[in-house]
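Visitor: Below is data.tsv; it holds TSV, C-alpha atoms.
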```
chain	number	residue	atom	x	y	z
D	1	MET	CA	-4.52	-11.32	6.81
D	2	ALA	CA	-5.24	-7.59	7.10
D	3	SER	CA	-8.60	-8.09	5.38
D	4	GLU	CA	-9.91	-9.71	8.59
D	5	LEU	CA	-9.40	-6.42	10.40
D	6	PRO	CA	-11.51	-3.31	9.98
D	7	HIS	CA	-9.90	-0.76	7.70
D	8	ALA	CA	-8.06	2.02	9.47
D	9	LYS	CA	-9.77	5.41	9.60
D	10	GLU	CA	-8.37	7.26	6.62
D	11	PRO	CA	-7.24	10.89	6.85
D	12	LEU	CA	-9.31	13.37	4.86
D	13	ILE	CA	-7.75	14.28	1.53
D	14	ASP	CA	-10.73	16.07	-0.02
D	15	HIS	CA	-8.68	19.30	-0.20
D	16	LEU	CA	-6.46	17.71	-2.89
D	17	THR	CA	-7.72	17.73	-6.47
D	18	SER	CA	-6.90	15.77	-9.61
D	19	LYS	CA	-4.60	18.67	-10.50
D	20	ASP	CA	-2.60	18.06	-7.31
D	21	PHE	CA	-2.36	14.38	-8.20
D	22	GLN	CA	-0.66	15.26	-11.48
D	23	ASN	CA	2.37	16.20	-9.37
D	24	VAL	CA	1.87	14.15	-6.21
D	25	TYR	CA	1.37	10.39	-5.71
D	26	GLU	CA	-2.26	9.69	-4.92
D	27	PRO	CA	-2.86	7.25	-2.04
D	28	ALA	CA	-3.23	3.76	-3.52
D	29	GLN	CA	-3.17	0.12	-2.41
D	30	ASP	CA	0.36	0.44	-0.96
D	31	SER	CA	-0.69	3.46	1.14
D	32	PHE	CA	-3.84	1.66	2.35
D	33	LEU	CA	-1.89	-1.44	3.31
D	34	PHE	CA	0.58	0.83	5.14
D	35	ILE	CA	-2.09	2.46	7.30
D	36	ASP	CA	-3.87	-0.84	7.92
D	37	SER	CA	-0.55	-2.34	9.08
D	38	LEU	CA	0.17	0.57	11.43
D	39	GLN	CA	-3.33	0.18	12.83
D	40	LYS	CA	-2.68	-3.51	13.37
D	41	ASP	CA	0.61	-2.74	15.16
D	42	VAL	CA	-0.91	0.01	17.31
D	43	ASP	CA	-0.35	-1.76	20.66
D	44	ASN	CA	3.38	-2.10	20.00
D	45	LEU	CA	3.54	1.51	18.83
D	46	LYS	CA	1.81	2.72	21.98
D	47	ALA	CA	4.13	0.62	24.15
D	48	LEU	CA	7.12	2.17	22.35
D	49	ASN	CA	5.70	5.61	23.17
D	50	PRO	CA	7.60	7.40	20.37
D	51	LYS	CA	8.51	11.07	20.77
D	52	ILE	CA	9.80	11.87	17.28
D	53	ILE	CA	8.11	10.33	14.27
D	54	LEU	CA	9.38	10.94	10.73
D	55	GLU	CA	8.20	9.92	7.30
D	56	ILE	CA	10.63	10.15	4.39
D	57	GLY	CA	8.97	10.84	1.04
D	58	SER	CA	5.56	11.63	2.51
D	59	GLY	CA	3.86	12.51	-0.82
D	60	SER	CA	0.25	13.50	-0.14
D	61	GLY	CA	0.91	13.23	3.62
D	62	PHE	CA	-1.61	10.41	3.95
D	63	ILE	CA	0.55	8.09	6.08
D	64	ILE	CA	2.22	10.58	8.44
D	65	THR	CA	-1.16	12.21	9.04
D	66	PHE	CA	-2.67	8.80	9.73
D	67	ILE	CA	-0.08	7.86	12.36
D	68	SER	CA	-0.48	11.26	14.00
D	69	GLN	CA	-4.19	10.56	14.36
D	70	LEU	CA	-3.49	7.01	15.51
D	71	LEU	CA	-1.08	7.95	18.32
D	72	GLY	CA	-2.19	11.51	19.03
D	73	THR	CA	-0.22	14.74	18.91
D	74	ASN	CA	0.27	15.36	22.64
D	75	GLY	CA	3.92	14.83	23.56
D	76	ARG	CA	4.86	13.68	20.07
D	77	TYR	CA	6.66	15.53	17.29
D	78	TYR	CA	5.72	14.57	13.73
D	79	MET	CA	7.92	15.45	10.78
D	80	SER	CA	7.98	14.55	7.11
D	81	THR	CA	10.26	15.20	4.17
D	82	ASP	CA	9.79	15.05	0.42
D	83	ILE	CA	12.15	15.94	-2.42
D	84	ASN	CA	9.19	17.10	-4.54
D	85	PRO	CA	8.03	20.61	-3.51
D	86	HIS	CA	4.45	19.87	-4.64
D	87	ALA	CA	4.42	16.79	-2.41
D	88	ALA	CA	5.87	18.71	0.55
D	89	LEU	CA	3.07	21.26	0.21
D	90	ALA	CA	0.42	18.55	-0.17
D	91	SER	CA	1.73	16.83	2.99
D	92	SER	CA	1.50	20.08	4.89
D	93	LYS	CA	-2.06	20.71	3.67
D	94	THR	CA	-3.17	17.18	4.52
D	95	SER	CA	-1.72	17.59	8.00
D	96	ASP	CA	-3.57	20.90	8.44
D	97	ARG	CA	-6.82	19.45	7.09
D	98	ASN	CA	-6.69	16.73	9.78
D	99	ASN	CA	-5.06	18.73	12.61
D	100	ALA	CA	-2.14	16.32	12.52
D	101	ASN	CA	0.52	18.90	13.41
D	102	VAL	CA	3.21	17.60	11.02
D	103	ASP	CA	6.27	19.78	10.33
D	104	VAL	CA	7.25	19.34	6.67
D	105	ILE	CA	10.67	19.89	5.09
D	106	ASN	CA	11.40	19.97	1.36
D	107	THR	CA	14.54	17.84	1.16
D	108	CYS	CA	16.03	14.53	0.08
D	109	PHE	CA	15.80	11.84	2.82
D	110	ILE	CA	17.00	13.81	5.90
D	111	GLN	CA	19.51	16.14	4.22
D	112	GLY	CA	19.82	19.32	6.24
D	113	LEU	CA	18.46	17.59	9.35
D	114	GLU	CA	21.83	16.28	10.48
D	115	ARG	CA	21.16	16.80	14.17
D	116	LEU	CA	18.09	14.54	14.12
D	117	LYS	CA	20.40	11.55	13.90
D	118	GLY	CA	19.82	9.03	16.69
D	119	SER	CA	16.54	10.69	17.69
D	120	ILE	CA	13.93	9.16	15.40
D	121	ASP	CA	11.69	6.72	17.28
D	122	VAL	CA	9.48	5.78	14.33
D	123	LEU	CA	10.61	6.06	10.72
D	124	LEU	CA	8.17	5.46	7.87
D	125	PHE	CA	9.17	4.97	4.24
D	126	ASN	CA	6.97	4.17	1.26
D	127	PRO	CA	9.76	4.27	-1.30
D	128	PRO	CA	9.72	4.52	-5.08
D	129	TYR	CA	9.75	0.72	-5.46
D	130	VAL	CA	8.75	0.14	-9.08
D	131	PRO	CA	11.52	-1.45	-11.20
D	132	THR	CA	12.44	1.04	-13.97
D	133	PRO	CA	15.49	1.92	-16.06
D	134	SER	CA	18.11	3.61	-13.84
D	135	GLU	CA	17.80	6.96	-15.67
D	136	GLU	CA	14.22	7.41	-14.42
D	137	VAL	CA	15.36	7.54	-10.80
D	138	LYS	CA	16.86	11.00	-11.43
D	139	GLU	CA	13.56	12.39	-12.76
D	140	LYS	CA	11.79	15.08	-10.79
D	141	GLY	CA	8.13	15.43	-9.85
D	142	ILE	CA	5.70	12.53	-9.75
D	143	VAL	CA	8.11	10.11	-11.44
D	144	ALA	CA	10.27	10.38	-8.30
D	145	SER	CA	7.35	8.93	-6.32
D	146	TRP	CA	7.54	5.52	-8.00
D	147	ALA	CA	10.67	5.11	-10.20
D	148	GLY	CA	12.94	2.76	-8.28
D	149	GLY	CA	15.57	1.80	-10.89
D	150	VAL	CA	17.04	-1.70	-11.03
D	151	ASP	CA	14.83	-4.14	-9.03
D	152	GLY	CA	13.07	-1.00	-7.73
D	153	ARG	CA	15.89	-0.90	-5.19
D	154	GLU	CA	18.08	2.07	-6.12
D	155	VAL	CA	16.49	4.62	-3.78
D	156	ILE	CA	15.85	2.03	-1.06
D	157	ASP	CA	19.50	0.95	-1.10
D	158	LYS	CA	20.67	4.53	-0.71
D	159	LEU	CA	18.68	4.94	2.49
D	160	LEU	CA	19.39	1.57	4.15
D	161	PRO	CA	23.01	2.31	5.23
D	162	GLN	CA	21.81	5.53	6.91
D	163	ILE	CA	19.06	3.87	8.96
D	164	MET	CA	21.15	2.83	11.95
D	165	ASN	CA	22.41	6.38	12.41
D	166	ILE	CA	18.98	7.96	12.03
D	167	LEU	CA	17.10	5.79	14.50
D	168	SER	CA	17.04	5.93	18.28
D	169	GLU	CA	17.97	2.73	20.12
D	170	LYS	CA	14.45	1.30	20.46
D	171	ALA	CA	13.03	2.67	17.20
D	172	PHE	CA	10.77	1.01	14.65
D	173	PHE	CA	11.38	1.44	10.91
D	174	TYR	CA	8.47	0.54	8.63
D	175	ILE	CA	9.01	0.17	4.88
D	176	VAL	CA	6.86	-0.86	1.89
D	177	LEU	CA	8.42	-3.45	-0.39
D	178	VAL	CA	7.12	-5.42	-3.38
D	179	GLN	CA	8.21	-8.90	-4.42
D	180	GLU	CA	10.40	-7.43	-7.23
D	181	ASN	CA	12.47	-5.61	-4.58
D	182	LYS	CA	13.70	-8.99	-3.30
D	183	PRO	CA	12.54	-8.46	0.29
D	184	LYS	CA	14.77	-11.29	1.55
D	185	GLN	CA	17.84	-9.37	0.35
D	186	VAL	CA	16.64	-6.20	2.10
D	187	ILE	CA	16.08	-8.20	5.29
D	188	SER	CA	19.58	-9.63	5.02
D	189	ILE	CA	21.12	-6.16	4.48
D	190	MET	CA	19.27	-4.82	7.52
D	191	HIS	CA	20.31	-7.89	9.51
D	192	SER	CA	23.95	-7.01	8.79
D	193	TYR	CA	23.24	-3.61	10.44
D	194	GLY	CA	21.88	-5.39	13.51
D	195	PHE	CA	18.15	-5.24	12.79
D	196	GLN	CA	15.48	-7.90	13.26
D	197	TYR	CA	12.32	-7.85	11.20
D	198	GLN	CA	8.64	-8.65	11.23
D	199	VAL	CA	6.22	-8.74	8.30
D	200	VAL	CA	3.36	-6.59	9.58
D	201	GLY	CA	1.39	-6.48	6.36
D	202	LYS	CA	1.09	-8.47	3.14
D	203	ARG	CA	-1.42	-8.05	0.34
D	204	LYS	CA	-1.87	-8.89	-3.31
D	205	ALA	CA	-3.05	-5.83	-5.20
D	206	PHE	CA	-3.50	-6.06	-8.97
D	207	ASN	CA	-0.06	-6.96	-10.30
D	208	GLU	CA	1.81	-6.22	-7.05
D	209	LEU	CA	2.59	-8.38	-4.05
D	210	LEU	CA	3.01	-5.77	-1.32
D	211	TYR	CA	4.73	-6.14	2.03
D	212	ILE	CA	5.01	-3.85	5.01
D	213	ILE	CA	8.12	-4.82	6.95
D	214	LYS	CA	9.03	-3.53	10.38
D	215	PHE	CA	12.70	-3.41	11.38
D	216	TYR	CA	13.88	-2.99	14.96
D	217	ARG	CA	16.99	-3.71	17.01
A	1	MET	CA	9.00	25.19	10.21
A	2	LYS	CA	8.83	24.77	13.94
A	3	VAL	CA	11.62	25.87	16.26
A	4	LEU	CA	12.57	22.30	17.23
A	5	THR	CA	13.07	21.50	13.55
A	6	HIS	CA	15.40	24.50	13.24
A	7	ASN	CA	17.40	23.17	16.18
A	8	MET	CA	17.98	19.90	14.29
A	9	MET	CA	19.11	21.59	11.06
A	10	ALA	CA	22.44	22.39	9.47
A	11	CYS	CA	23.64	23.57	6.06
A	12	THR	CA	23.43	20.71	3.55
A	13	LYS	CA	26.70	21.56	1.76
A	14	LYS	CA	29.54	19.10	2.33
A	15	GLN	CA	32.03	21.95	2.75
A	16	CYS	CA	30.00	23.20	5.73
A	17	MET	CA	29.90	19.89	7.60
A	18	GLY	CA	30.36	20.63	11.30
A	19	LYS	CA	30.35	24.39	10.63
A	20	GLY	CA	26.91	25.05	9.12
A	21	PHE	CA	25.09	25.33	12.43
A	22	PRO	CA	23.05	26.94	13.92
A	23	LEU	CA	21.44	28.38	10.83
A	24	GLY	CA	20.67	32.10	10.95
A	25	VAL	CA	16.97	32.94	10.85
A	26	GLU	CA	14.91	35.64	9.14
A	27	CYS	CA	11.18	35.56	9.83
A	28	THR	CA	8.55	37.71	8.15
A	29	GLU	CA	5.51	35.63	9.17
A	30	SER	CA	4.97	33.18	12.00
A	31	ILE	CA	2.02	31.51	13.71
A	32	THR	CA	1.48	30.17	17.22
A	33	LEU	CA	-0.06	26.74	17.66
A	34	GLU	CA	-1.80	25.46	20.77
A	35	GLN	CA	-0.19	22.17	21.68
A	36	GLU	CA	-0.67	21.34	25.33
A	37	PHE	CA	2.49	21.29	27.51
A	38	ASN	CA	4.04	17.85	27.87
A	39	TYR	CA	6.67	17.42	30.59
A	40	GLU	CA	7.96	14.03	29.43
A	41	PHE	CA	8.54	15.32	25.90
A	42	VAL	CA	10.50	18.39	26.92
A	43	LYS	CA	12.54	16.44	29.51
A	44	ASN	CA	13.48	13.93	26.78
A	45	ILE	CA	14.43	16.51	24.19
A	46	ILE	CA	16.57	18.76	26.42
A	47	PRO	CA	19.77	16.65	26.18
A	48	LYS	CA	19.56	16.86	22.38
A	49	LEU	CA	19.13	20.62	22.12
A	50	ASP	CA	21.73	23.13	21.09
A	51	TRP	CA	21.26	26.17	23.34
A	52	LYS	CA	23.08	28.53	21.00
A	53	GLY	CA	20.47	27.68	18.37
A	54	ILE	CA	17.63	28.20	20.87
A	55	GLN	CA	18.97	31.64	21.86
A	56	LEU	CA	19.46	32.66	18.23
A	57	ILE	CA	15.93	31.80	17.05
A	58	GLY	CA	14.37	33.02	20.32
A	59	GLU	CA	15.87	36.46	19.76
A	60	LYS	CA	14.53	36.60	16.19
A	61	LEU	CA	11.04	35.63	17.36
A	62	ALA	CA	11.19	37.90	20.43
A	63	ILE	CA	10.69	34.97	22.81
A	64	THR	CA	13.29	35.00	25.56
A	65	ILE	CA	14.37	31.74	27.13
A	66	PRO	CA	16.63	32.17	30.20
A	67	PRO	CA	20.01	30.41	29.99
A	68	PHE	CA	19.81	26.69	30.75
A	69	THR	CA	21.21	25.51	34.09
A	70	GLU	CA	20.87	22.35	36.20
A	71	GLU	CA	17.97	23.97	38.08
A	72	SER	CA	16.09	24.59	34.82
A	73	LEU	CA	14.95	20.95	34.85
A	74	LEU	CA	12.94	21.61	38.01
A	75	ASP	CA	11.64	24.98	36.87
A	76	GLN	CA	8.09	24.49	35.53
A	77	GLU	CA	7.94	27.97	34.04
A	78	PHE	CA	11.21	27.45	32.19
A	79	LEU	CA	10.09	24.07	30.85
A	80	LYS	CA	6.72	25.44	29.77
A	81	SER	CA	8.18	28.37	27.87
A	82	LEU	CA	10.80	26.12	26.27
A	83	TYR	CA	8.11	23.64	25.17
A	84	HIS	CA	6.04	26.48	23.79
A	85	LEU	CA	8.95	27.86	21.77
A	86	LEU	CA	9.99	24.44	20.43
A	87	CYS	CA	6.62	23.01	19.50
A	88	ASN	CA	4.14	25.86	19.16
A	89	VAL	CA	5.96	28.58	17.25
A	90	LYS	CA	6.07	27.97	13.52
A	91	ILE	CA	7.76	30.14	10.89
A	92	ILE	CA	5.55	30.43	7.80
A	93	THR	CA	7.65	32.78	5.67
A	94	GLY	CA	11.32	33.56	6.08
A	95	SER	CA	14.74	32.13	5.43
A	96	LEU	CA	17.61	30.21	6.97
A	97	ILE	CA	21.21	31.33	6.46
A	98	CYS	CA	24.30	29.15	6.77
A	99	PRO	CA	26.78	30.76	9.21
A	100	ASN	CA	29.68	29.30	7.21
A	101	CYS	CA	28.89	29.77	3.48
A	102	GLN	CA	25.96	32.24	3.77
A	103	ARG	CA	23.76	30.01	1.59
A	104	VAL	CA	20.13	31.11	2.02
A	105	TYR	CA	17.44	28.44	2.36
A	106	PRO	CA	13.95	29.88	1.83
A	107	ILE	CA	10.93	29.06	4.02
A	108	GLU	CA	7.61	29.39	2.18
A	109	LYS	CA	4.14	28.27	3.26
A	110	GLY	CA	5.75	26.91	6.43
A	111	ILE	CA	8.13	24.63	4.52
A	112	PRO	CA	11.93	25.14	4.43
A	113	ASN	CA	13.59	24.15	1.16
A	114	MET	CA	16.91	22.48	1.99
A	115	LEU	CA	17.64	21.21	-1.53
A	116	LEU	CA	20.79	22.37	-3.30
A	117	ARG	CA	20.75	23.32	-6.99
A	118	GLU	CA	22.48	20.96	-9.45
A	119	ASP	CA	25.43	23.35	-9.90
A	120	GLU	CA	25.87	23.61	-6.12
A	121	ILE	CA	25.98	19.83	-5.74
A	122	TYR	CA	28.57	19.66	-8.55
A	123	GLN	CA	30.63	22.40	-6.95
A	124	ASP	CA	30.32	20.66	-3.58
A	125	VAL	CA	31.69	17.39	-4.95
A	126	ARG	CA	34.59	19.20	-6.66
A	127	GLU	CA	35.59	20.97	-3.50
```
Go ahead and render the structure in this file as structure tokens.
Guide:
Amino acid sequence: MASELPHAKEPLIDHLTSKDFQNVYEPAQDSFLFIDSLQKDVDNLKALNPKIILEIGSGSGFIITFISQLLGTNGRYYMSTDINPHAALASSKTSDRNNANVDVINTCFIQGLERLKGSIDVLLFNPPYVPTPSEEVKEKGIVASWAGGVDGREVIDKLLPQIMNILSEKAFFYIVLVQENKPKQVISIMHSYGFQYQVVGKRKAFNELLYIIKFYR
Amino acid sequence: MKVLTHNMMACTKKQCMGKGFPLGVECTESITLEQEFNYEFVKNIIPKLDWKGIQLIGEKLAITIPPFTEESLLDQEFLKSLYHLLCNVKIITGSLICPNCQRVYPIEKGIPNMLLREDEIYQDVRE
């Protein structure tokens, strides 16, 4: 479906080297599908006119920088968090490289940003979705960027109950899921919190069937 | 770390819930960005702001914002200087201090580190 559309204009990441990518997740098929899906949904995003946009686990900063370029910085406040300090720094550098004006915080989810609750108009999350043994979820560094525990759902399931408190009333929440994450279950959990959904992107990439799902009230 | 981000922050320790705000600020290096004034943005954010936090960080950065009143919403100069403080002033090096437990959160290369150490998390759960 997305292949019929032109690819979204990618942010520059030429300031990051292979050494950086030893500690930080390098943009891959999931990241590309994410930006293509945001591009595809641009009319809805513009109609929403979001003021505060946050990405949790921004890694290289590729996606938050992309959406900043897509919607523009005037009158919008872009933030991202990452638990990995190398990733937080990479996000900040990618933002600077592309004049994206993203404010980056080194934290887990939105810990320490308590007062943001109810104010996020767009939330982006490309979670660690790869099914792994549970122990790997606790690992630091680059492992944290992909190790998702049982069904690849352990980190995802920690965030889901917080979503309704984080988002503003009209907000959009975009998440990457793979088939192994049992997307139907995630949709049903979010439904119990009062959210509808739309599949805004779907792509087969190597051994992964990737989805970008948008949740909204 | 921009000033608006500071206004949304609190100490991450469980024991400080409801008391760890506004965080104290030390700033040794800051930069000023050039985002154009946006009335709609500032009007939208005002109801969410904590003015004690604004005063505290304003003093540290030597940017004075007059006290907020009903008339402030119609005062272009007030709104412009508030927008400038919130969105254009960024702390590059410094620290944040919890008013309740005195925990210091460092800010380096523009990024505040809000993560607790393992032993602090353990202690937090025990308490």
Visitor: Using all atoms listed in the file, find the residues of chain D whose closest atom to chain A is at most 8 Å away, then write them as a PDB file with C-alpha atoms, in the frame of the given file.
Guide:
```
ATOM      1  CA  LYS D  51       8.510  11.070  20.770  1.00  0.00           C
ATOM      2  CA  THR D  73      -0.220  14.740  18.910  1.00  0.00           C
ATOM      3  CA  ASN D  74       0.270  15.360  22.640  1.00  0.00           C
ATOM      4  CA  GLY D  75       3.920  14.830  23.560  1.00  0.00           C
ATOM      5  CA  ARG D  76       4.860  13.680  20.070  1.00  0.00           C
ATOM      6  CA  TYR D  77       6.660  15.530  17.290  1.00  0.00           C
ATOM      7  CA  ILE D  83      12.150  15.940  -2.420  1.00  0.00           C
ATOM      8  CA  ALA D  88       5.870  18.710   0.550  1.00  0.00           C
ATOM      9  CA  LEU D  89       3.070  21.260   0.210  1.00  0.00           C
ATOM     10  CA  ASP D 103       6.270  19.780  10.330  1.00  0.00           C
ATOM     11  CA  VAL D 104       7.250  19.340   6.670  1.00  0.00           C
ATOM     12  CA  ILE D 105      10.670  19.890   5.090  1.00  0.00           C
ATOM     13  CA  ASN D 106      11.400  19.970   1.360  1.00  0.00           C
ATOM     14  CA  THR D 107      14.540  17.840   1.160  1.00  0.00           C
ATOM     15  CA  CYS D 108      16.030  14.530   0.080  1.00  0.00           C
ATOM     16  CA  GLN D 111      19.510  16.140   4.220  1.00  0.00           C
ATOM     17  CA  GLY D 112      19.820  19.320   6.240  1.00  0.00           C
ATOM     18  CA  LEU D 113      18.460  17.590   9.350  1.00  0.00           C
ATOM     19  CA  GLU D 114      21.830  16.280  10.480  1.00  0.00           C
ATOM     20  CA  ARG D 115      21.160  16.800  14.170  1.00  0.00           C
ATOM     21  CA  LEU D 116      18.090  14.540  14.120  1.00  0.00           C
TER      22      LEU D 116
END
```
Visitor: So that I can check the surroundings of range 210-213 of chain D, please list as a list in words every protein, DNA and RNA residue that reaches within 7 Å of it, counting only C-alpha atoms and ignoring chain neighbours fewer than 2 positions away.
Guide: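 Once the adjacent positions are removed, what remains is Asp30, Phe34, Tyr174, Ile175, Val176, Leu177, Val178, Gln179, Tyr197, Gln198, Val199, Val200, Gly201, Lys202, Arg203, Lys204, Glu208 and Phe215 of chain D.
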Visitor: With C-alpha atoms retained, write the just-selected residues as a PDB file, in the frame of the given file.
Guide:
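Wrote it out as part-v9.pdb, contents follow:
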```pdb
ATOM      1  CA  ASP D  30       0.360   0.440  -0.960  1.00  0.00           C
ATOM      2  CA  PHE D  34       0.580   0.830   5.140  1.00  0.00           C
ATOM      3  CA  TYR D 174       8.470   0.540   8.630  1.00  0.00           C
ATOM      4  CA  ILE D 175       9.010   0.170   4.880  1.00  0.00           C
ATOM      5  CA  VAL D 176       6.860  -0.860   1.890  1.00  0.00           C
ATOM      6  CA  LEU D 177       8.420  -3.450  -0.390  1.00  0.00           C
ATOM      7  CA  VAL D 178       7.120  -5.420  -3.380  1.00  0.00           C
ATOM      8  CA  GLN D 179       8.210  -8.900  -4.420  1.00  0.00           C
ATOM      9  CA  TYR D 197      12.320  -7.850  11.200  1.00  0.00           C
ATOM     10  CA  GLN D 198       8.640  -8.650  11.230  1.00  0.00           C
ATOM     11  CA  VAL D 199       6.220  -8.740   8.300  1.00  0.00           C
ATOM     12  CA  VAL D 200       3.360  -6.590   9.580  1.00  0.00           C
ATOM     13  CA  GLY D 201       1.390  -6.480   6.360  1.00  0.00           C
ATOM     14  CA  LYS D 202       1.090  -8.470   3.140  1.00  0.00           C
ATOM     15  CA  ARG D 203      -1.420  -8.050   0.340  1.00  0.00           C
ATOM     16  CA  LYS D 204      -1.870  -8.890  -3.310  1.00  0.00           C
ATOM     17  CA  GLU D 208       1.810  -6.220  -7.050  1.00  0.00           C
ATOM     18  CA  PHE D 215      12.700  -3.410  11.380  1.00  0.00           C
TER      19      PHE D 215
END
```
Visitor: Would you mind reading off the distance between CA of Val102 in chain D and CA of Ile64 in chain D, one decimal, in Å?
Guide: 7.5 Å
Visitor: Just the residues within 8 Å of range 153-161 of chain D, please, counting all atoms listed in the file, with nothing from its chain fewer than 4 positions along; format it as a PyMOL selection string.
Guide: chain D and resi 109+127-129+131+134+137+148-149+181+189-190+193
Visitor: So, with only C-alpha atoms as the atoms that count, which of D:Gly59, D:Gly72, D:Ser188, D:Ile120 lies closest to Ser92 in chain D?
Guide: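 The shortest atom-to-atom distance to Ser92 in chain D comes from D:Gly59.
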Visitor: Would you mind telling me which residue in A:Leu61, A:Leu82, A:Thr69, A:Pro99 lies nearest to Glu29 in chain A when using all atoms listed in the file?
Guide: A:Leu61
Visitor: How many Å lie between CA of Arg97 in chain D and CA of Leu12 in chain D, rounded to one decimal?
Guide: 6.9 Å
Visitor: Smallest atom-to-atom distance to Gln15 in chain A: which of A:Cys98, A:Val104, A:Leu73, A:Leu86, using all atoms listed in the file?
Guide: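 Of A:Cys98, A:Val104, A:Leu73, A:Leu86, the one nearest Gln15 in chain A is A:Cys98, counting all atoms listed in the file.
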Visitor: Find, counting only C-alpha atoms, the residue in A:Lys52, A:Arg103, A:Lys60, A:Lys43 that gets nearest to Gln76 in chain A.
Guide: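 For Gln76 in chain A, the nearest of the candidates is A:Lys43.
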Visitor: Do you know which residues are at most 8 Å from Thr64 in chain A counting all atoms listed in the file, after dropping those on the same chain fewer than 4 positions away, and could you put them as a list in words?
Guide: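 Neighbouring residues, sequence-local ones excluded: Gln55, Gly58 and Glu59 of chain A.
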Visitor: How far is it from CA of Leu96 in chain A to CA of Cys27 in chain A, in Å with one decimal?
Guide: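 CA of Leu96 in chain A sits 8.8 Å away from CA of Cys27 in chain A.
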Visitor: List the spatial neighbours of Leu16 in chain D as a PyMOL selection string - criterion: any atom at most 12 Å away, only C-alpha atoms, same-chain residues fewer than 2 positions off excluded.
Guide: chain D and resi 11-14+18-27+59-62+86-87+89-95+97
